[in-house]
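File shown: coords.cif (mmCIF, C-alpha atoms).
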data_run
loop_
_atom_site.label_atom_id
_atom_site.label_comp_id
_atom_site.auth_asym_id
_atom_site.auth_seq_id
_atom_site.Cartn_x
_atom_site.Cartn_y
_atom_site.Cartn_z
CA MET A 1 -8.00 -10.03 -7.06
CA ALA A 2 -9.16 -10.60 -10.62
CA VAL A 3 -6.88 -9.30 -13.34
CA GLU A 4 -9.54 -6.96 -14.73
CA TRP A 5 -9.30 -4.76 -11.64
CA TYR A 6 -5.64 -4.12 -12.35
CA LEU A 7 -6.34 -3.47 -16.03
CA VAL A 8 -9.09 -0.95 -15.30
CA LEU A 9 -6.84 0.78 -12.75
CA SER A 10 -4.08 0.95 -15.35
CA ALA A 11 -6.52 2.44 -17.90
CA MET A 12 -7.50 5.04 -15.29
CA LEU A 13 -3.88 5.97 -14.57
CA PHE A 14 -3.15 6.17 -18.30
CA ALA A 15 -6.10 8.53 -18.82
CA ILE A 16 -4.92 10.77 -15.95
CA GLY A 17 -1.44 10.90 -17.49
CA ALA A 18 -2.93 11.80 -20.87
CA THR A 19 -4.92 14.62 -19.23
CA GLY A 20 -1.73 16.01 -17.80
CA VAL A 21 0.05 15.92 -21.15
CA LEU A 22 -2.86 17.75 -22.78
CA LEU A 23 -3.36 20.22 -19.97
CA ARG A 24 -0.01 21.29 -18.59
CA ARG A 25 2.42 23.61 -20.37
CA SER A 26 5.60 23.15 -18.38
CA PRO A 27 7.86 20.56 -20.09
CA LEU A 28 8.92 19.24 -16.69
CA VAL A 29 5.34 18.37 -15.72
CA VAL A 30 4.69 16.93 -19.19
CA LEU A 31 7.62 14.57 -18.60
CA LEU A 32 6.14 13.61 -15.21
CA CYS A 33 2.83 12.82 -16.90
CA LEU A 34 4.64 10.68 -19.48
CA GLU A 35 6.05 8.73 -16.54
CA LEU A 36 2.50 8.20 -15.30
CA MET A 37 1.48 6.75 -18.66
CA LEU A 38 4.53 4.47 -18.87
CA ASN A 39 3.87 3.18 -15.38
CA ALA A 40 0.24 2.50 -16.24
CA GLY A 41 1.51 0.39 -19.13
CA ASN A 42 3.87 -1.41 -16.75
CA LEU A 43 0.99 -2.25 -14.42
CA ALA A 44 -0.98 -3.77 -17.32
CA LEU A 45 2.07 -5.80 -18.42
CA LEU A 46 2.57 -7.20 -14.92
CA ALA A 47 -1.16 -7.97 -14.59
CA PHE A 48 -1.04 -9.98 -17.81
CA ALA A 49 2.15 -11.73 -16.64
CA ARG A 50 0.28 -12.77 -13.49
CA SER A 51 -2.72 -13.84 -15.53
CA THR A 52 -0.74 -16.12 -17.85
CA GLY A 53 1.57 -17.36 -15.10
CA THR A 54 4.72 -16.60 -17.11
CA GLN A 55 7.44 -14.08 -16.33
CA ASP A 56 7.90 -12.71 -19.84
CA GLY A 57 5.72 -9.71 -19.04
CA GLN A 58 7.96 -8.85 -16.12
CA VAL A 59 11.00 -8.69 -18.41
CA PHE A 60 8.94 -6.44 -20.68
CA ALA A 61 8.19 -4.16 -17.72
CA LEU A 62 11.89 -4.00 -16.87
CA VAL A 63 12.72 -2.93 -20.45
CA VAL A 64 9.98 -0.28 -20.25
CA MET A 65 11.66 1.04 -17.09
CA VAL A 66 14.99 1.26 -18.94
CA VAL A 67 13.38 3.18 -21.79
CA ALA A 68 11.68 5.49 -19.28
CA ALA A 69 15.02 6.18 -17.59
CA CYS A 70 16.58 7.07 -20.97
CA GLU A 71 13.66 9.34 -21.75
CA VAL A 72 14.07 11.12 -18.42
CA VAL A 73 17.81 11.62 -18.91
CA VAL A 74 17.46 13.10 -22.40
CA GLY A 75 14.33 15.10 -21.53
CA LEU A 76 15.84 16.67 -18.42
CA GLY A 77 19.04 17.42 -20.36
CA LEU A 78 16.92 19.27 -22.92
CA ILE A 79 15.11 21.22 -20.20
CA VAL A 80 18.39 22.28 -18.59
CA ALA A 81 19.79 23.30 -22.00
CA MET A 82 16.62 25.29 -22.74
CA PHE A 83 16.79 27.02 -19.37
CA ARG A 84 20.44 27.98 -19.96
CA ARG A 85 19.68 29.51 -23.35
CA ARG A 86 16.76 31.53 -21.96
CA VAL A 87 14.29 29.68 -24.16
CA PRO A 88 10.80 29.98 -22.61
CA LEU A 89 9.88 26.75 -20.81
CA ASN A 90 6.47 26.38 -22.39
CA VAL A 91 5.55 23.52 -24.70
CA ASP A 92 3.22 25.75 -26.76
CA GLU A 93 6.06 28.05 -27.72
CA LEU A 94 8.41 25.19 -28.57
CA ARG A 95 6.73 24.27 -31.83
CA GLY A 96 9.64 24.59 -34.22
CA LEU A 97 12.41 22.04 -34.38
CA LYS A 98 14.96 24.51 -35.71
CA GLY A 99 16.97 26.31 -33.06
CA MET B 1 -6.07 -9.31 2.82
CA GLU B 2 -5.08 -8.97 -0.81
CA GLU B 3 -8.13 -6.79 -1.44
CA VAL B 4 -7.08 -4.41 1.32
CA VAL B 5 -3.57 -4.09 -0.15
CA PHE B 6 -4.98 -3.63 -3.64
CA PHE B 7 -7.40 -0.88 -2.71
CA ALA B 8 -4.85 0.91 -0.52
CA GLY B 9 -2.34 0.79 -3.38
CA ALA B 10 -4.94 1.84 -5.93
CA ILE B 11 -6.03 4.84 -3.84
CA GLY B 12 -2.40 5.86 -3.33
CA ALA B 13 -1.57 5.51 -7.01
CA LEU B 14 -4.68 7.37 -8.18
CA GLY B 15 -4.26 10.13 -5.60
CA GLY B 16 -0.61 10.58 -6.51
CA ALA B 17 -1.42 10.67 -10.22
CA ILE B 18 -4.18 13.26 -9.78
CA ALA B 19 -1.90 15.35 -7.57
CA VAL B 20 0.84 15.28 -10.25
CA VAL B 21 -1.58 16.79 -12.76
CA ALA B 22 -3.40 19.16 -10.42
CA LEU B 23 -0.62 20.74 -8.33
CA LYS B 24 0.67 24.07 -9.61
CA ASN B 25 4.22 23.86 -8.29
CA PRO B 26 6.38 21.37 -10.30
CA PHE B 27 8.33 20.56 -7.14
CA TYR B 28 5.18 19.25 -5.43
CA SER B 29 4.26 17.38 -8.61
CA VAL B 30 7.55 15.49 -8.40
CA LEU B 31 6.89 14.61 -4.75
CA ALA B 32 3.38 13.42 -5.68
CA LEU B 33 4.92 11.19 -8.33
CA VAL B 34 7.10 9.59 -5.63
CA VAL B 35 3.93 8.73 -3.68
CA HIS B 36 2.41 7.32 -6.86
CA LEU B 37 5.45 5.17 -7.62
CA VAL B 38 5.71 3.73 -4.10
CA ALA B 39 1.99 2.86 -4.11
CA LEU B 40 2.45 1.23 -7.50
CA ALA B 41 5.36 -0.82 -6.15
CA GLY B 42 2.95 -2.18 -3.53
CA LEU B 43 0.56 -3.18 -6.31
CA PHE B 44 3.42 -4.91 -8.14
CA LEU B 45 4.04 -6.96 -4.98
CA THR B 46 0.46 -8.22 -5.02
CA LEU B 47 1.08 -9.35 -8.61
CA HIS B 48 4.08 -11.45 -7.46
CA ALA B 49 6.57 -9.20 -9.24
CA GLU B 50 8.99 -8.85 -6.36
CA PHE B 51 12.05 -7.89 -8.35
CA ILE B 52 10.18 -5.30 -10.43
CA ALA B 53 8.73 -3.78 -7.26
CA ALA B 54 12.20 -3.49 -5.71
CA ALA B 55 13.61 -2.01 -8.92
CA GLN B 56 10.70 0.43 -9.03
CA VAL B 57 11.49 1.74 -5.55
CA VAL B 58 15.28 1.80 -5.98
CA VAL B 59 15.57 3.01 -9.57
CA TYR B 60 12.46 5.13 -9.97
CA ALA B 61 11.48 6.49 -6.60
CA GLY B 62 15.15 6.67 -5.65
CA ALA B 63 17.40 7.65 -8.52
CA VAL B 64 15.15 9.08 -11.24
CA MET B 65 13.11 11.19 -8.83
CA VAL B 66 16.27 12.68 -7.31
CA LEU B 67 17.18 13.81 -10.83
CA TYR B 68 13.73 15.37 -11.20
CA VAL B 69 14.01 17.13 -7.85
CA PHE B 70 17.37 18.61 -8.85
CA VAL B 71 16.06 19.90 -12.17
CA ALA B 72 12.87 21.24 -10.58
CA ALA B 73 14.98 23.13 -8.03
CA TYR B 74 17.37 24.36 -10.75
CA VAL B 75 14.69 25.56 -13.14
CA GLY B 76 12.38 26.80 -10.41
CA GLY B 77 8.65 27.44 -10.68
CA VAL B 78 7.65 27.85 -14.31
CA GLU B 79 4.95 30.39 -15.00
CA GLU B 80 2.18 28.67 -16.91
CA PRO B 81 0.42 31.29 -19.04
CA GLU B 82 -3.33 31.71 -18.94
CA TRP B 83 -3.93 31.96 -22.69
CA GLU B 84 -5.00 28.84 -24.51
CA PRO B 85 -3.79 27.95 -27.99
CA ILE B 86 -6.98 25.95 -28.52
CA THR B 87 -10.12 27.59 -27.15
CA GLY B 88 -11.50 25.67 -24.19
CA GLN B 89 -8.49 23.38 -23.90
CA ARG B 90 -8.85 23.32 -20.13
CA PHE B 91 -12.26 21.69 -20.41
CA LEU B 92 -11.65 19.66 -23.54
CA ALA B 93 -8.63 17.82 -22.12
CA PRO B 94 -10.48 16.12 -19.20
CA VAL B 95 -13.38 15.28 -21.52
CA LEU B 96 -10.98 13.59 -23.92
CA ALA B 97 -9.31 11.74 -21.05
CA VAL B 98 -12.66 10.45 -19.76
CA ALA B 99 -13.52 9.33 -23.30
CA LEU B 100 -10.17 7.52 -23.49
CA PHE B 101 -10.81 5.80 -20.15
CA VAL B 102 -14.32 4.71 -21.17
CA GLU B 103 -13.02 3.39 -24.45
CA LEU B 104 -10.18 1.45 -22.80
CA SER B 105 -12.56 0.04 -20.19
CA ILE B 106 -14.97 -1.14 -22.88
CA ALA B 107 -12.04 -2.76 -24.68
CA ILE B 108 -10.79 -4.45 -21.49
CA LEU B 109 -14.10 -5.62 -20.05
CA GLY B 110 -15.66 -6.51 -23.37
CA THR B 111 -12.79 -8.66 -24.52
CA GLY B 112 -13.28 -12.35 -25.14
CA LEU B 113 -10.33 -13.33 -22.95
CA LYS B 114 -11.64 -15.95 -20.54
CA ALA B 115 -9.00 -15.55 -17.85
CA ILE B 116 -9.64 -11.86 -17.37
CA GLY B 117 -12.13 -12.35 -14.55
CA GLU B 118 -9.88 -14.74 -12.66
CA GLU B 119 -6.85 -14.28 -10.51
CA GLY B 120 -4.56 -16.35 -12.69
CA PRO B 121 -2.87 -19.69 -12.02
CA THR B 122 -1.10 -20.50 -8.78
CA VAL B 123 2.49 -19.44 -9.29
CA PRO B 124 5.48 -21.53 -8.20
CA LEU B 125 7.83 -20.39 -5.46
CA GLY B 126 10.38 -17.91 -6.83
CA PHE B 127 8.02 -16.41 -9.42
CA GLY B 128 9.29 -12.91 -10.17
CA SER B 129 12.39 -13.31 -8.01
CA PRO B 130 15.68 -11.69 -9.13
CA GLU B 131 17.01 -15.14 -9.94
CA ALA B 132 14.15 -16.01 -12.28
CA ILE B 133 14.15 -12.62 -14.02
CA GLY B 134 17.93 -12.65 -14.38
CA THR B 135 17.93 -16.12 -15.91
CA LEU B 136 15.21 -15.07 -18.33
CA MET B 137 17.01 -11.87 -19.30
CA LEU B 138 20.38 -13.52 -19.89
CA GLU B 139 19.03 -16.51 -21.75
CA ARG B 140 15.80 -15.92 -23.61
CA PHE B 141 15.84 -12.13 -23.84
CA LEU B 142 19.57 -11.59 -24.27
CA VAL B 143 19.14 -9.37 -27.33
CA ALA B 144 16.65 -7.13 -25.51
CA PHE B 145 19.03 -6.95 -22.56
CA GLU B 146 21.95 -5.88 -24.77
CA ALA B 147 19.78 -3.40 -26.66
CA ALA B 148 18.65 -1.88 -23.35
CA SER B 149 22.25 -1.48 -22.16
CA ILE B 150 23.29 0.19 -25.44
CA LEU B 151 20.26 2.48 -25.21
CA LEU B 152 21.29 3.51 -21.68
CA LEU B 153 24.82 4.25 -22.91
CA ILE B 154 23.53 6.38 -25.79
CA ALA B 155 21.19 8.27 -23.43
CA ALA B 156 24.06 8.98 -21.02
CA VAL B 157 26.25 10.33 -23.83
CA GLY B 158 23.31 12.34 -25.20
CA ALA B 159 22.62 13.92 -21.81
CA VAL B 160 26.26 14.99 -21.48
CA VAL B 161 26.21 16.50 -24.98
CA LEU B 162 22.93 18.33 -24.31
CA ALA B 163 23.76 19.70 -20.89
CA ALA B 164 27.42 20.53 -21.49
CA ARG B 165 28.25 24.19 -21.87
CA LYS B 166 29.72 25.09 -25.23
CA ARG B 167 33.35 26.26 -25.21
CA GLU B 168 32.59 29.49 -27.08
CA GLU B 169 29.69 30.27 -24.75
CA GLU B 170 31.94 29.83 -21.76
CA ALA B 171 34.62 32.04 -23.28
CA ALA B 172 32.03 34.69 -24.08
CA SER B 173 30.61 34.64 -20.53
CA VAL B 174 34.13 34.88 -19.05
CA GLY B 175 35.21 37.60 -21.49
CA GLY B 176 31.98 39.57 -21.17
#
I need this file expressed as structure tokens, please.
Amino acid sequence: MAVEWYLVLSAMLFAIGATGVLLRRSPLVVLLCLELMLNAGNLALLAFARSTGTQDGQVFALVVMVVAACEVVVGLGLIVAMFRRRVPLNVDELRGLKG
Amino acid sequence: MEEVVFFAGAIGALGGAIAVVALKNPFYSVLALVVHLVALAGLFLTLHAEFIAAAQVVVYAGAVMVLYVFVAAYVGGVEEPEWEPITGQRFLAPVLAVALFVELSIAILGTGLKAIGEEGPTVPLGFGSPEAIGTLMLERFLVAFEAASILLLIAAVGAVVLAARKREEEAASVGG
């Protein structure tokens, strides 16, 4: 398969993830959609690694996975803390940074 | 054969992604993301990224998604209100996403890169194997590897700080 197929697929997945971030209000689903976008980026990195025949892109993808895992851990911790303090779980109402 | 795997993986990944956005219940969204990630791991295999595909299934579809399932079950179904902070957001968001996709596609397909229409060079045996990736990470990308491990440590400490119950809160809930 030509590399452009993978790149177009990754653009499509990225756009779907962006729709979710713009559309959904629950922070949990917004985090899921961020995962979609990160994975779309991973797919593009691996496609380019295949295209150039080097493995540097694969190491990049691995680092992206580490960053995604960190984002999940901190994001889910925030959601649990918000739920405990009875803060409404709605990204539109969470505009201020001051508690 | 490769085409069949690619299109099966692409349909799975796209279907999973659309389901994540479209399903109302966050619990089902998480399960749709698992489908998406497993399909994506199949696509990674066709790109000769065997180690990344295995890590995707074990780390993502395994560990991270279990965390999501726990939090989704803990928090429960979140009511998403009907009112829109920006008028017509429900219709504007897909329009913007389609515009983004068209723009990215123009950028990808209109690029001057010559190798973009080809499959890429024939790769040697062991391309993308754990051995090759490990050697690369511990030799050429050692700084990135160490930075990633420190980042993971900081995230773990941060999660404990965020999710831990405060002492005073606990005392108040016991006393009250």
Sel. within 8 Å of pt (-6.3, 16.9, -17.8), counting all atoms listed in the file, output as a ChimeraX atom specification: /A:16-24 /B:21,90,93-94,97
Picked residues, the PyMOL selection byres ((chain B and resi 3) around 12), expected as a PyMOL selection string: (chain A and resi 1-2+5-6) or (chain B and resi 1-2+4-10+43+46-47+119)
Reference answer for the PyMOL selection byres ((chain A) within 8 of (chain B)), as a PyMOL selection string: chain A and resi 1-4+7-9+11-20+22-26+28-29+32-33+36+43+46-47+50-53+55-56+58-59+61-63+66-67+69-74+76-78+80-81+83+89-90+92
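Among the candidate residues B:Ala39, B:Val34, B:Ile150, B:Leu142, the one lying nearest to A:Glu35 is B:Val34, with distances computed using all atoms listed in the file.
Coordinates place atom CA of A:Gly41 at a distance of 10.4 Å from atom CA of A:Met65.
Among the candidates A:Gly57, A:Gly75, A:Pro88, A:Gly96, the one nearest to A:Asn42 when counting all atoms listed in the file is A:Gly57.
Going from atom CA of B:Ala73 to atom CA of B:Tyr28 covers 10.9 Å.
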Between atom CA of B:Gly42 and atom CA of A:Val64 - distance in Å to one decimal: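 Separating atom CA of A:Val64 from atom CA of B:Gly42 is a distance of 18.2 Å.
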